[in-house]
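Chemist: Following this line is upload02.cif, made up of mmCIF, C-alpha atoms:
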```cif
data_work
loop_
_atom_site.label_atom_id
_atom_site.label_comp_id
_atom_site.auth_asym_id
_atom_site.auth_seq_id
_atom_site.Cartn_x
_atom_site.Cartn_y
_atom_site.Cartn_z
CA MET A 101 0.00 0.00 0.00
CA SER A 102 1.24 3.43 -0.82
CA VAL A 103 2.42 5.46 2.14
CA PHE A 104 0.25 8.45 1.27
CA LYS A 105 -3.35 8.67 0.16
CA PRO A 106 -3.86 9.44 -3.51
CA ARG A 107 -3.88 13.05 -4.57
CA ASP A 108 -7.43 14.48 -4.54
CA TRP A 109 -7.44 15.79 -8.10
CA GLY A 110 -10.75 17.53 -7.40
CA SER A 111 -8.87 19.97 -5.18
CA HIS A 112 -6.51 20.97 -7.98
CA ALA A 113 -6.65 22.66 -11.35
CA PRO A 114 -6.48 20.63 -14.58
CA LEU A 115 -3.03 20.21 -16.16
CA ILE A 116 -4.21 22.09 -19.22
CA ALA A 117 -6.40 24.98 -18.14
CA PRO A 118 -7.44 27.15 -21.10
CA GLY A 119 -8.01 30.29 -19.02
CA TYR A 120 -4.33 30.27 -18.08
CA LYS A 121 -2.76 30.37 -21.52
CA SER A 122 0.74 29.19 -20.60
CA THR A 123 -0.70 25.80 -19.66
CA LEU A 124 -1.66 25.13 -23.30
CA LEU A 125 1.93 24.34 -24.32
CA ARG A 126 3.37 23.47 -20.92
CA GLY A 127 0.88 21.21 -19.22
CA PRO A 128 1.25 17.49 -19.99
CA SER A 129 -1.36 16.55 -22.59
CA ARG A 130 -1.74 12.94 -21.39
CA ALA A 131 -3.14 11.93 -18.05
CA PRO A 132 -0.43 10.99 -15.57
CA LEU A 133 0.08 7.25 -15.28
CA ALA A 134 -1.05 5.95 -11.90
CA ILE A 135 1.57 3.83 -10.16
CA LYS A 136 1.71 2.26 -6.76
CA SER A 137 4.01 4.58 -4.90
CA GLY A 138 6.79 3.14 -2.82
CA LEU A 139 9.77 4.08 -0.74
CA THR A 140 10.80 6.82 -3.10
CA GLU A 141 7.51 8.67 -2.65
CA GLY A 142 7.06 7.74 1.01
CA THR A 143 10.44 9.10 2.01
CA GLY A 144 11.45 12.69 1.56
CA PRO A 145 14.00 15.29 2.48
CA ARG A 146 14.24 16.65 5.97
CA PHE A 147 15.95 19.87 6.91
CA ALA A 148 17.95 20.79 10.00
CA PRO A 149 16.73 23.73 12.12
CA ALA A 150 19.92 25.53 11.03
CA SER A 151 18.48 25.66 7.48
CA VAL A 152 16.41 28.57 8.75
CA ARG A 153 18.66 31.41 9.81
CA GLU A 154 17.82 34.15 12.30
CA LEU A 155 16.15 36.66 9.97
CA ASP A 156 14.85 34.25 7.33
CA PHE A 157 11.33 34.42 8.81
CA ASP A 158 11.23 38.21 8.75
CA LEU A 159 10.99 39.59 5.21
CA THR A 160 10.61 43.10 6.66
CA LYS A 161 14.20 42.85 7.89
CA ASN A 162 16.08 40.34 5.76
CA GLY A 163 16.46 42.62 2.74
CA ILE A 164 17.27 45.92 4.41
CA THR A 165 20.04 48.08 2.95
CA ASN A 166 19.31 51.60 4.23
CA GLY A 167 15.94 51.70 6.01
CA GLU A 168 12.58 50.01 6.42
CA PRO A 169 10.69 48.47 3.50
CA LEU A 170 7.66 50.38 2.28
CA GLY A 171 4.17 48.96 2.53
CA GLU A 172 1.73 47.43 4.95
CA ARG A 173 3.46 45.20 7.49
CA ILE A 174 1.71 41.85 8.04
CA VAL A 175 2.30 38.69 10.02
CA VAL A 176 1.21 35.33 8.56
CA HIS A 177 0.49 32.46 10.93
CA GLY A 178 -0.49 29.01 9.85
CA ARG A 179 -0.32 25.31 10.43
CA VAL A 180 0.90 22.59 8.13
CA LEU A 181 -1.53 19.66 8.50
CA ASP A 182 -2.44 16.56 6.61
CA THR A 183 -5.95 15.73 5.44
CA ASP A 184 -6.50 13.77 8.68
CA GLY A 185 -5.74 16.90 10.67
CA ARG A 186 -2.36 15.67 11.87
CA PRO A 187 0.09 18.54 12.40
CA GLN A 188 3.32 18.27 10.44
CA PRO A 189 6.37 19.27 12.51
CA ASP A 190 9.79 20.40 11.24
CA ILE A 191 8.55 21.29 7.75
CA VAL A 192 10.41 24.08 5.95
CA VAL A 193 8.06 26.64 4.40
CA GLU A 194 9.78 28.62 1.65
CA VAL A 195 8.26 32.01 0.83
CA TRP A 196 8.65 34.52 -2.02
CA GLN A 197 6.57 37.42 -3.26
CA ALA A 198 6.40 40.82 -4.96
CA ASN A 199 6.97 44.02 -2.99
CA ALA A 200 4.22 46.47 -1.97
CA ALA A 201 4.31 48.05 -5.43
CA GLY A 202 3.79 44.71 -7.17
CA ARG A 203 7.37 44.32 -8.34
CA TYR A 204 9.52 41.22 -7.97
CA VAL A 205 13.26 41.41 -7.32
CA HIS A 206 13.66 38.78 -10.06
CA LYS A 207 15.85 40.01 -12.90
CA VAL A 208 13.33 39.21 -15.64
CA ASP A 209 10.41 41.06 -14.03
CA GLN A 210 9.94 44.07 -16.31
CA HIS A 211 6.88 45.56 -14.61
CA ASP A 212 7.17 49.35 -14.46
CA ALA A 213 6.87 49.61 -10.68
CA PRO A 214 9.67 50.50 -8.28
CA LEU A 215 11.95 48.05 -6.56
CA ASP A 216 12.31 48.64 -2.85
CA PRO A 217 15.97 48.79 -1.77
CA ASN A 218 14.92 47.41 1.60
CA PHE A 219 12.81 44.47 0.48
CA ARG A 220 14.00 41.33 -1.31
CA GLY A 221 10.81 39.34 -0.83
CA SER A 222 12.11 35.86 -0.05
CA GLY A 223 12.46 33.95 3.19
CA ARG A 224 11.65 30.74 4.97
CA CYS A 225 10.51 29.36 8.27
CA MET A 226 10.00 25.95 9.86
CA THR A 227 6.99 24.43 11.57
CA ASP A 228 7.23 23.71 15.30
CA ALA A 229 6.25 20.48 17.03
CA ASN A 230 2.55 21.37 16.56
CA GLY A 231 2.91 22.19 12.89
CA ASN A 232 2.75 25.96 13.42
CA TYR A 233 4.71 28.42 11.32
CA MET A 234 4.81 32.21 11.10
CA PHE A 235 6.60 34.90 9.15
CA TYR A 236 6.58 38.67 8.90
CA THR A 237 6.38 40.41 5.57
CA ILE A 238 4.93 43.32 3.61
CA LYS A 239 1.57 42.86 1.91
CA PRO A 240 2.44 42.28 -1.75
CA GLY A 241 0.96 44.52 -4.43
CA ALA A 242 -1.04 43.47 -7.48
CA TYR A 243 0.73 43.50 -10.83
CA PRO A 244 -0.21 43.20 -14.50
CA TRP A 245 0.65 40.14 -16.58
CA GLY A 246 0.26 39.19 -20.21
CA ASN A 247 -2.33 36.43 -20.07
CA HIS A 248 -5.14 38.57 -21.52
CA PHE A 249 -6.11 42.22 -21.93
CA ASN A 250 -5.91 44.12 -18.63
CA ALA A 251 -4.90 41.02 -16.70
CA TRP A 252 -3.78 41.64 -13.11
CA ARG A 253 -2.65 39.11 -10.56
CA PRO A 254 -4.36 39.44 -7.17
CA ASN A 255 -2.12 40.05 -4.17
CA HIS A 256 -0.43 36.77 -3.34
CA ILE A 257 2.48 35.14 -1.54
CA HIS A 258 4.15 32.03 -3.01
CA LEU A 259 4.71 29.15 -0.59
CA SER A 260 6.66 25.90 -1.06
CA VAL A 261 6.74 22.87 1.25
CA PHE A 262 8.03 19.31 0.93
CA GLY A 263 5.93 17.85 3.69
CA PRO A 264 6.73 14.45 5.17
CA GLY A 265 7.40 12.69 1.84
CA PHE A 266 8.36 13.44 -1.75
CA ALA A 267 4.75 12.62 -2.71
CA THR A 268 3.40 15.41 -0.49
CA ARG A 269 5.41 18.14 -2.22
CA LEU A 270 3.30 21.27 -2.64
CA VAL A 271 3.87 24.68 -4.18
CA THR A 272 0.95 27.04 -3.77
CA GLN A 273 -0.06 30.68 -3.45
CA MET A 274 -1.76 32.42 -0.54
CA TYR A 275 -4.32 35.09 -1.44
CA PHE A 276 -5.97 37.81 0.65
CA PRO A 277 -9.65 38.02 1.63
CA GLY A 278 -11.85 40.49 -0.22
CA ASP A 279 -9.52 40.95 -3.18
CA PRO A 280 -11.70 41.91 -6.18
CA LEU A 281 -9.09 40.49 -8.58
CA LEU A 282 -9.71 36.94 -7.36
CA ASP A 283 -12.91 36.70 -9.40
CA LEU A 284 -10.95 37.61 -12.52
CA ASP A 285 -7.75 35.61 -12.05
CA PRO A 286 -7.48 32.42 -14.12
CA ILE A 287 -4.65 30.99 -12.00
CA PHE A 288 -7.00 31.12 -9.01
CA LEU A 289 -10.20 30.25 -10.90
CA GLU A 290 -8.84 27.21 -12.75
CA THR A 291 -9.20 25.33 -9.47
CA LYS A 292 -12.81 24.54 -10.28
CA ASP A 293 -13.97 23.49 -6.83
CA ALA A 294 -15.13 26.61 -4.97
CA ALA A 295 -14.49 25.09 -1.54
CA ALA A 296 -10.95 24.18 -2.58
CA ARG A 297 -10.38 27.73 -3.87
CA GLU A 298 -11.42 29.10 -0.49
CA ARG A 299 -8.52 27.17 1.02
CA LEU A 300 -6.15 29.41 -0.97
CA ILE A 301 -7.42 32.56 0.77
CA ALA A 302 -5.89 33.54 4.10
CA LYS A 303 -8.22 34.65 6.89
CA PHE A 304 -7.75 38.04 8.48
CA SER A 305 -7.22 37.58 12.22
CA ILE A 306 -7.52 40.38 14.74
CA LYS A 307 -6.18 37.93 17.33
CA LYS A 308 -2.98 37.47 15.34
CA THR A 309 -2.78 41.19 14.58
CA GLU A 310 0.00 42.79 16.60
CA GLU A 311 -1.03 46.02 18.32
CA GLY A 312 0.56 49.01 16.62
CA PHE A 313 2.72 46.82 14.39
CA ALA A 314 1.29 44.36 11.85
CA LEU A 315 -2.03 43.02 10.57
CA GLY A 316 -2.44 39.29 11.18
CA TYR A 317 -3.47 36.58 8.72
CA GLN A 318 -3.99 32.85 9.16
CA PHE A 319 -3.17 30.43 6.34
CA ASP A 320 -3.19 26.68 6.91
CA ILE A 321 -1.55 24.32 4.43
CA VAL A 322 -3.14 20.88 4.10
CA LEU A 323 -1.13 18.02 2.56
CA ARG A 324 -2.18 14.49 1.61
CA GLY A 325 -2.66 12.20 4.60
CA ARG A 326 -1.14 8.82 5.24
CA ASN A 327 -2.73 5.54 4.31
CA GLY A 328 -3.72 3.16 7.07
CA THR A 329 -2.10 3.18 10.48
CA PRO A 330 0.15 6.13 11.15
CA MET A 331 3.81 5.18 11.03
CA GLU A 332 4.69 7.42 13.94
CA ASN A 333 3.24 7.90 17.40
CA MET B 47 -12.15 15.20 10.91
CA ALA B 48 -11.11 15.34 7.31
CA TYR B 49 -9.53 18.42 5.82
CA GLY B 50 -9.39 19.26 2.12
CA GLU B 51 -6.04 19.45 0.36
CA THR B 52 -4.62 22.89 -0.30
CA PRO B 53 -4.70 23.34 -4.08
CA SER B 54 -1.42 23.47 -5.95
CA GLN B 55 -0.62 26.74 -7.73
CA THR B 56 2.05 27.51 -10.29
CA VAL B 57 5.60 28.24 -9.17
CA GLY B 58 5.43 31.14 -11.64
CA PRO B 59 8.33 32.77 -13.49
CA TYR B 60 9.95 34.51 -10.51
CA PHE B 61 10.87 31.73 -8.08
CA ALA B 62 14.64 32.08 -8.43
CA TYR B 63 15.41 34.56 -5.65
CA GLY B 64 13.41 32.44 -3.22
CA LEU B 65 14.06 28.82 -4.23
CA THR B 66 17.32 28.78 -6.22
CA ALA B 67 19.05 31.94 -5.00
CA GLY B 68 22.63 30.70 -5.08
CA GLN B 69 22.38 29.30 -8.60
CA TYR B 70 20.91 32.56 -9.93
CA GLY B 71 23.18 34.88 -7.94
CA TYR B 72 20.70 36.38 -5.50
CA ASP B 73 21.75 37.41 -2.02
CA PHE B 74 19.92 34.69 -0.10
CA SER B 75 20.95 31.30 1.23
CA ASP B 76 19.97 27.93 -0.26
CA ILE B 77 18.55 24.90 1.48
CA VAL B 78 19.08 22.76 -1.62
CA ASN B 79 21.00 23.18 -4.88
CA PRO B 80 22.07 21.12 -7.95
CA THR B 81 24.60 19.13 -5.92
CA VAL B 82 22.88 15.94 -4.77
CA ALA B 83 26.12 14.23 -3.78
CA GLY B 84 29.29 16.06 -2.79
CA PRO B 85 32.80 14.85 -3.64
CA ASP B 86 33.00 12.67 -0.53
CA ALA B 87 29.86 10.65 -1.28
CA ASP B 88 30.34 6.92 -1.90
CA GLY B 89 29.42 5.58 -5.30
CA GLU B 90 29.95 6.32 -8.99
CA HIS B 91 29.92 10.08 -9.46
CA ILE B 92 27.81 11.16 -12.39
CA ARG B 93 26.17 14.26 -13.80
CA ILE B 94 22.58 14.25 -15.02
CA THR B 95 21.68 16.91 -17.58
CA GLY B 96 18.79 17.68 -19.86
CA THR B 97 16.55 20.24 -21.45
CA VAL B 98 12.85 20.88 -20.92
CA PHE B 99 10.78 21.42 -24.08
CA ASP B 100 7.29 22.86 -24.38
CA GLY B 101 4.60 21.67 -26.80
CA GLU B 102 6.14 23.61 -29.69
CA GLY B 103 9.61 22.27 -29.07
CA ASN B 104 10.89 25.47 -27.48
CA ARG B 105 13.42 25.19 -24.69
CA VAL B 106 11.86 26.18 -21.38
CA ASN B 107 14.08 28.71 -19.62
CA ASP B 108 12.07 29.07 -16.42
CA ALA B 109 11.46 25.52 -15.27
CA MET B 110 12.61 24.15 -11.94
CA ILE B 111 13.52 20.49 -11.57
CA GLU B 112 13.89 18.64 -8.30
CA ILE B 113 15.28 15.14 -7.84
CA TRP B 114 15.20 12.77 -4.86
CA GLN B 115 17.21 9.58 -4.94
CA ALA B 116 18.73 6.80 -2.89
CA ASP B 117 22.44 6.58 -2.13
CA ALA B 118 24.82 4.09 -3.72
CA ASN B 119 23.50 1.37 -1.39
CA GLY B 120 19.90 1.97 -2.35
CA VAL B 121 19.00 3.78 0.87
CA TYR B 122 17.13 7.08 1.14
CA SER B 123 18.98 9.45 3.42
CA GLU B 124 17.37 10.28 6.74
CA ASN B 125 19.97 12.93 7.47
CA PRO B 126 18.88 16.52 7.03
CA VAL B 127 19.73 17.98 3.63
CA ASP B 128 22.64 20.37 4.11
CA VAL B 129 24.19 22.35 1.25
CA ALA B 130 27.46 22.45 3.20
CA ASP B 131 27.62 18.63 3.27
CA SER B 132 30.38 17.19 1.09
CA GLY B 133 28.76 13.76 1.19
CA PHE B 134 25.42 12.42 0.00
CA ARG B 135 22.38 14.70 0.37
CA GLY B 136 19.76 12.89 -1.70
CA LEU B 137 17.90 15.99 -2.85
CA GLY B 138 18.68 18.36 -5.69
CA ARG B 139 17.03 21.41 -7.22
CA CYS B 140 18.01 23.22 -10.41
CA GLY B 141 16.42 25.98 -12.47
CA THR B 142 16.80 26.10 -16.25
CA GLY B 143 17.47 29.84 -16.38
CA THR B 144 21.22 30.03 -15.84
CA ASP B 145 22.76 27.58 -18.34
CA ALA B 146 23.44 29.08 -21.78
CA ASP B 147 21.40 26.27 -23.36
CA ASN B 148 18.77 26.29 -20.61
CA ARG B 149 19.75 22.86 -19.36
CA PHE B 150 19.21 21.55 -15.87
CA TRP B 151 22.07 19.62 -14.28
CA PHE B 152 22.71 17.63 -11.15
CA GLU B 153 26.00 16.53 -9.65
CA THR B 154 25.22 13.23 -8.01
CA ILE B 155 26.08 9.56 -7.75
CA LYS B 156 24.38 6.69 -9.48
CA PRO B 157 21.83 5.40 -6.98
CA GLY B 158 21.72 1.80 -5.83
CA VAL B 159 18.60 -0.35 -6.17
CA VAL B 160 16.12 0.31 -3.38
CA GLU B 161 14.42 -2.64 -1.71
CA ASP B 162 11.01 -2.20 -3.34
CA ALA B 163 12.33 -1.68 -6.87
CA LYS B 164 14.34 -3.78 -9.29
CA THR B 165 16.51 -1.16 -10.96
CA PRO B 166 18.13 2.15 -10.06
CA PHE B 167 16.25 5.37 -10.77
CA VAL B 168 15.87 8.96 -9.69
CA ASN B 169 12.54 10.49 -8.69
CA VAL B 170 11.83 13.80 -10.44
CA ILE B 171 9.42 16.71 -10.07
CA VAL B 172 8.92 19.30 -12.81
CA PHE B 173 7.68 22.80 -11.99
CA MET B 174 7.25 25.83 -14.24
CA ARG B 175 5.12 28.80 -15.12
CA GLY B 176 2.21 27.29 -17.00
CA MET B 177 1.90 24.28 -14.70
CA LEU B 178 -0.75 24.64 -12.04
CA VAL B 179 0.18 21.23 -10.63
CA HIS B 180 3.76 19.95 -10.65
CA ALA B 181 4.46 16.70 -12.49
CA PHE B 182 6.29 13.62 -11.21
CA THR B 183 8.48 11.58 -13.50
CA ARG B 184 11.53 9.32 -13.12
CA PHE B 185 14.98 9.02 -14.67
CA TYR B 186 16.18 5.47 -15.33
CA PHE B 187 19.61 4.54 -16.76
CA ASP B 188 20.24 3.07 -20.21
CA ASP B 189 23.15 0.88 -19.05
CA GLU B 190 20.79 -1.04 -16.75
CA ALA B 191 18.72 -2.67 -19.48
CA ALA B 192 18.58 -6.07 -17.77
CA LEU B 193 17.37 -4.65 -14.47
CA ASN B 194 15.08 -2.14 -16.18
CA ALA B 195 13.33 -5.09 -17.84
CA LYS B 196 12.35 -6.40 -14.39
CA ASP B 197 11.12 -3.15 -12.85
CA ASP B 198 7.36 -3.12 -12.23
CA VAL B 199 6.92 0.62 -12.62
CA LEU B 200 8.95 0.88 -15.79
CA GLN B 201 7.29 -2.18 -17.28
CA SER B 202 3.84 -0.72 -16.49
CA VAL B 203 4.64 2.10 -18.92
CA PRO B 204 3.52 1.39 -22.49
CA ALA B 205 6.56 0.05 -24.35
CA ASP B 206 6.53 2.80 -26.96
CA ARG B 207 6.81 5.49 -24.27
CA ARG B 208 9.36 3.83 -21.99
CA ASP B 209 12.31 5.50 -23.70
CA THR B 210 11.12 8.89 -22.46
CA LEU B 211 12.23 7.84 -18.99
CA ILE B 212 15.68 6.47 -19.81
CA ALA B 213 18.79 8.62 -19.55
CA LYS B 214 21.68 7.95 -21.91
CA ARG B 215 25.14 7.39 -20.51
CA ILE B 216 27.89 9.43 -22.15
CA GLN B 217 31.59 9.61 -21.34
CA THR B 218 32.66 13.26 -21.33
CA PRO B 219 36.05 14.89 -20.61
CA THR B 220 34.70 15.83 -17.17
CA GLY B 221 33.24 12.46 -16.27
CA ILE B 222 30.20 10.30 -16.76
CA GLU B 223 27.09 12.16 -17.81
CA TYR B 224 23.55 10.89 -18.26
CA ARG B 225 21.39 12.91 -20.60
CA ILE B 226 17.64 12.99 -20.63
CA ASP B 227 15.26 15.63 -21.95
CA ILE B 228 11.78 16.37 -20.64
CA HIS B 229 9.07 16.92 -23.26
CA MET B 230 5.88 18.38 -21.85
CA GLN B 231 3.84 17.45 -24.91
CA GLY B 232 4.13 15.95 -28.38
CA ASN B 233 5.16 12.59 -29.81
CA ALA B 234 8.01 12.29 -27.34
CA GLU B 235 5.94 13.49 -24.38
CA THR B 236 7.59 12.38 -21.18
CA VAL B 237 5.65 9.88 -19.11
CA PHE B 238 4.44 11.57 -15.93
CA PHE B 239 3.19 9.65 -12.93
CA ASP B 240 0.27 10.03 -10.57
CA VAL B 241 1.95 8.94 -7.34
#
```
How does the structure come out when it is put into C-alpha cells?

Modeler:
Amino acid sequence: MSVFKPRDWGSHAPLIAPGYKSTLLRGPSRAPLAIKSGLTEGTGPRFAPASVRELDFDLTKNGITNGEPLGERIVVHGRVLDTDGRPQPDIVVEVWQANAAGRYVHKVDQHDAPLDPNFRGSGRCMTDANGNYMFYTIKPGAYPWGNHFNAWRPNHIHLSVFGPGFATRLVTQMYFPGDPLLDLDPIFLETKDAAARERLIAKFSIKKTEEGFALGYQFDIVLRGRNGTPMEN
Amino acid sequence: MAYGETPSQTVGPYFAYGLTAGQYGYDFSDIVNPTVAGPDADGEHIRITGTVFDGEGNRVNDAMIEIWQADANGVYSENPVDVADSGFRGLGRCGTGTDADNRFWFETIKPGVVEDAKTPFVNVIVFMRGMLVHAFTRFYFDDEAALNAKDDVLQSVPADRRDTLIAKRIQTPTGIEYRIDIHMQGNAETVFFDV
C-alpha cells in the first residue's frame, strides 16, 4: 500500500487549463500514469533547524540596505496539517513574493513599478512540534501580466513545502480576503472546486494582529494524509 | 475530521530569488542546490543533464527540476539535507534559467537499487510557469537494461513510451554524464506519474 493517500485531483486545477494560456503548451497533454508509490515517494528530504537562519522568517528585515521596506506590514500564521488533521512538525516553508508596489526582485520582471531597496521578498521558516509556522512580511501589491487584456494578478504570496514525503510536495499561493481580482484571475479560478479555492485565501485575524505593528493573517496548508495506520506515534 | 487538500498553484516565473538563490546569484541562502552528492559521497559520481521542451519544441528557460534519490547502497537518506555537506544529500534542485542552453544539471552519484524496486532510478518533479500542478516523473539509466526489464513501474509504462524515462550514458572529458530531456507534450511526451 502506498504510504500516502492518492492526490485528490478535485482539489486541484487541470493540467491544461485554457483560461491560463501558458498551460496550453506546458501542461502534460496525457493523463499521468497511476503507479503504486513506494519508498521513493514515502520518504522525503528533511531539513535541519539551522536551514532557517535568524532573519529568514522576517521579510521586513532580511532585505534591508538603508531603512525600512515600504508597505503594509503583516504577520502570517499558519499550520501545516495533513488531510486527517495531523500537524506536520519540522517542515520548511519557503516564501517569495512581490513588494508592496507589485514588483519582484527577479531580474526578468519588467513591470514598471519600483523596486524597494529594503525588500527582497524571499524567506523561509519551519513548523514547530505542533505544525505551526509564522513569518513577517509586507503585503504584496497586485501587478499586470500578459495572459489577456488588462490582466492583473491578485495580491499573493508564493509558498513551497516538501511535507513528510516526496509525494506530499506542494507549491501554492496564498491570497488575501476580499480581493476583487480573485474573481478575474485564471490561476485562481482554474481550481474549479469553490471550496478548494477558499482554502487558498488567508483569513484576516484580529487575534494574530499585533497592536501598533502588523495586521495578522492565518493560512493553513493541508497536505495528503497517510494511508492506514500512522507510522509514527 | 477530514480536511481538504490545499490546491497546488504555479511556481510562476519569478521563483529564483526564493528557491534557487545561489544558482541565480541572488543574495539569499539555499537549502538545496544542484549538488545531490558532494565529492566525498560513496558511489559512482555522475552528472545528469537535460533540457525541458514545451509543446512547440521550445526550450523552457524558467522551469525548476527537483530530484530525490537513494544513495549508492539503495538507501534514502534520513539525514537533514545540508548544502554544506560534502557527502550524499539525496535531494537536488536546479532551475533552467542560468545555463546558456537552458539545461538543468545535477552533480550526483548513481543510486543503488532500493528494496522495493528492481533497478536504479531517480525520482523527479517538474515545476514551471504554466503548470498549475507539478508533475512527477523518473529518470532510469540506459546501461541497466537487464534490471530495467524487471522493474514493475517501468514495465507498467507502455513500451513505446518507456524511452522517455531512460537517460543515456555518455563519457565526457569531465566524467560520466547521463542525458535525458523532458518533453511536456508531443510525440516524445515524457511519461508523468500520478503517485

Chemist: Considering only C-alpha atoms, tabulate each residue of segment 189-218 of chain A that lies at most 12 Å from segment 143-161 of chain B along with its nearest interatomic pair and the corresponding distance in Å to one decimal; arrange the rows by chain and ascending residue number and present them as CSV.

Modeler:
```
residue,atom,partner,partner_atom,distance
A:His206,CA,B:Gly143,CA,11.6
A:Lys207,CA,B:Gly143,CA,10.9
A:Val208,CA,B:Gly143,CA,10.3
```

Chemist: I'd like to know which of A:Gly246, A:His177, A:Gly223, A:Val322 is closest to Lys307 of chain A, using all atoms listed in the file.

Modeler: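 For Lys307 of chain A, the nearest of the given residues is A:His177.
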
Chemist: Would you list the residues near (13.7, 31.9, 0.4) (no more than 9 Å away, in the coordinates of the file, using all atoms listed in the file) as an NGL selection string?

Modeler: (:A and (156 or 193-196 or 221-225)) or (:B and (61-67 or 74-77))

Chemist: Hey, list the chain B side of the contact with chain A: 6 Å cut-off, all atoms listed in the file, answer as a PyMOL selection string.

Modeler: chain B and resi 48-55+60+64+100-101+126-127+176-177+230-231+238-241

Chemist: If the PyMOL selection byres ((chain A and resi 179) around 9) were run on this exact file, what residues would it hold? Put them as an mmCIF file with C-alpha atoms, keeping the file's coordinate frame.

Modeler:
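Okay, out.cif is ready:
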```
data_model
loop_
_atom_site.group_PDB
_atom_site.id
_atom_site.type_symbol
_atom_site.label_atom_id
_atom_site.label_comp_id
_atom_site.auth_asym_id
_atom_site.auth_seq_id
_atom_site.Cartn_x
_atom_site.Cartn_y
_atom_site.Cartn_z
ATOM 1 C CA HIS A 177 0.490 32.460 10.930
ATOM 2 C CA GLY A 178 -0.490 29.010 9.850
ATOM 3 C CA VAL A 180 0.900 22.590 8.130
ATOM 4 C CA LEU A 181 -1.530 19.660 8.500
ATOM 5 C CA PRO A 187 0.090 18.540 12.400
ATOM 6 C CA GLN A 188 3.320 18.270 10.440
ATOM 7 C CA THR A 227 6.990 24.430 11.570
ATOM 8 C CA ASN A 230 2.550 21.370 16.560
ATOM 9 C CA GLY A 231 2.910 22.190 12.890
ATOM 10 C CA ASN A 232 2.750 25.960 13.420
ATOM 11 C CA TYR A 233 4.710 28.420 11.320
ATOM 12 C CA MET A 234 4.810 32.210 11.100
ATOM 13 C CA GLN A 318 -3.990 32.850 9.160
ATOM 14 C CA PHE A 319 -3.170 30.430 6.340
ATOM 15 C CA ASP A 320 -3.190 26.680 6.910
ATOM 16 C CA ILE A 321 -1.550 24.320 4.430
ATOM 17 C CA VAL A 322 -3.140 20.880 4.100
#
```

Chemist: Run the PyMOL selection byres ((chain A and resi 247-254) around 9) on the file and write out the hits as number ranges by chain.

Modeler: A: 119-122, 241-246, 255-256, 275-276, 279-282, 284-288

Chemist: Export, as a short mmCIF file (atom, residue, chain, number, x, y, z; two decimals), in the frame of the given file, the selected residues with C-alpha atoms.

Modeler:
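Result went into result.cif, see below:
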```
data_model
loop_
_atom_site.label_atom_id
_atom_site.label_comp_id
_atom_site.auth_asym_id
_atom_site.auth_seq_id
_atom_site.Cartn_x
_atom_site.Cartn_y
_atom_site.Cartn_z
CA GLY A 119 -8.01 30.29 -19.02
CA TYR A 120 -4.33 30.27 -18.08
CA LYS A 121 -2.76 30.37 -21.52
CA SER A 122 0.74 29.19 -20.60
CA GLY A 241 0.96 44.52 -4.43
CA ALA A 242 -1.04 43.47 -7.48
CA TYR A 243 0.73 43.50 -10.83
CA PRO A 244 -0.21 43.20 -14.50
CA TRP A 245 0.65 40.14 -16.58
CA GLY A 246 0.26 39.19 -20.21
CA ASN A 255 -2.12 40.05 -4.17
CA HIS A 256 -0.43 36.77 -3.34
CA TYR A 275 -4.32 35.09 -1.44
CA PHE A 276 -5.97 37.81 0.65
CA ASP A 279 -9.52 40.95 -3.18
CA PRO A 280 -11.70 41.91 -6.18
CA LEU A 281 -9.09 40.49 -8.58
CA LEU A 282 -9.71 36.94 -7.36
CA LEU A 284 -10.95 37.61 -12.52
CA ASP A 285 -7.75 35.61 -12.05
CA PRO A 286 -7.48 32.42 -14.12
CA ILE A 287 -4.65 30.99 -12.00
CA PHE A 288 -7.00 31.12 -9.01
#
```

Chemist: Atom CA of Gly136 of chain B and atom CA of Pro80 of chain B, how far apart in Å?

Modeler: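 Distance reported for this atom pair: 10.6 Å.
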
Chemist: For Thr237 of chain A, please output as a compact mmCIF listing (two decimals) with C-alpha atoms, keeping the file's coordinate frame all residues within 8 Å (counting only C-alpha atoms; exclusion window: fewer than 6 positions along the same chain).

Modeler:
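Result written to around.txt:
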```txt
# COMPACT_ATOMS: atom_id res chain seq x y z
CA ASP A 158 11.23 38.21 8.75
CA LEU A 159 10.99 39.59 5.21
CA THR A 160 10.61 43.10 6.66
CA ARG A 173 3.46 45.20 7.49
CA ILE A 174 1.71 41.85 8.04
CA VAL A 175 2.30 38.69 10.02
CA VAL A 176 1.21 35.33 8.56
CA GLY A 221 10.81 39.34 -0.83
```

Chemist: What is the atom CA of Ile113 of chain B-atom CA of Ile226 of chain B distance in Å, reported with one decimal?

Modeler: 13.2 Å

Chemist: The PyMOL selection byres ((chain B and resi 165-170) around 8) on the file shown: which residues, as a list in words?

Modeler: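 Residues picked by the PyMOL selection byres ((chain B and resi 165-170) around 8): Thr140 of chain A; Ile111, Glu112, Ile113, Trp114, Gln115, Ala116, Gly120, Lys156, Pro157, Gly158, Val159, Val160, Ala163, Lys164, Ile171, Val172, Phe182, Thr183, Arg184, Phe185, Tyr186, Phe187, Glu190, Leu193, Asn194, Lys196 and Asp197 of chain B.
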
Chemist: Counting only C-alpha atoms, which residue out of A:Gly265, A:Ile301, A:Asp283, A:Ala314 sits closest to Tyr122 of chain B?

Modeler: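 Ranking A:Gly265, A:Ile301, A:Asp283, A:Ala314 by distance to Tyr122 of chain B, first place goes to A:Gly265.
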
Chemist: Rank nothing, just name the residue among A:Asn218, A:Pro264, A:Met101, A:His211 nearest to Thr165 of chain A, using only C-alpha atoms.

Modeler: A:Asn218

Chemist: Mind giving me the straight-line distance from atom CA of Ile238 of chain A to atom CA of Asp128 of chain B in Å, one decimal?

Modeler: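 One can read the atom CA of Ile238 of chain A to atom CA of Asp128 of chain B distance as 29.0 Å.
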
Chemist: Got a sec: who's within 9 Å of Ala200 of chain A, counting all atoms listed in the file, leaving out chain neighbours fewer than 3 positions off, as a list in words?

Modeler: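 Listed by chain and then number, they are Pro169, Leu170, Gly171, Glu172, Arg203, Asp216, Ile238, Lys239, Pro240, Gly241 and Ala242 of chain A.
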
Chemist: Take the residues from that selection and write them out as a tab-separated table (two decimals), in the coordinates of the input, keeping C-alpha atoms.

Modeler:
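Saved as part33.tsv:
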```tsv
chain	number	residue	atom	x	y	z
A	169	PRO	CA	10.69	48.47	3.50
A	170	LEU	CA	7.66	50.38	2.28
A	171	GLY	CA	4.17	48.96	2.53
A	172	GLU	CA	1.73	47.43	4.95
A	203	ARG	CA	7.37	44.32	-8.34
A	216	ASP	CA	12.31	48.64	-2.85
A	238	ILE	CA	4.93	43.32	3.61
A	239	LYS	CA	1.57	42.86	1.91
A	240	PRO	CA	2.44	42.28	-1.75
A	241	GLY	CA	0.96	44.52	-4.43
A	242	ALA	CA	-1.04	43.47	-7.48
```
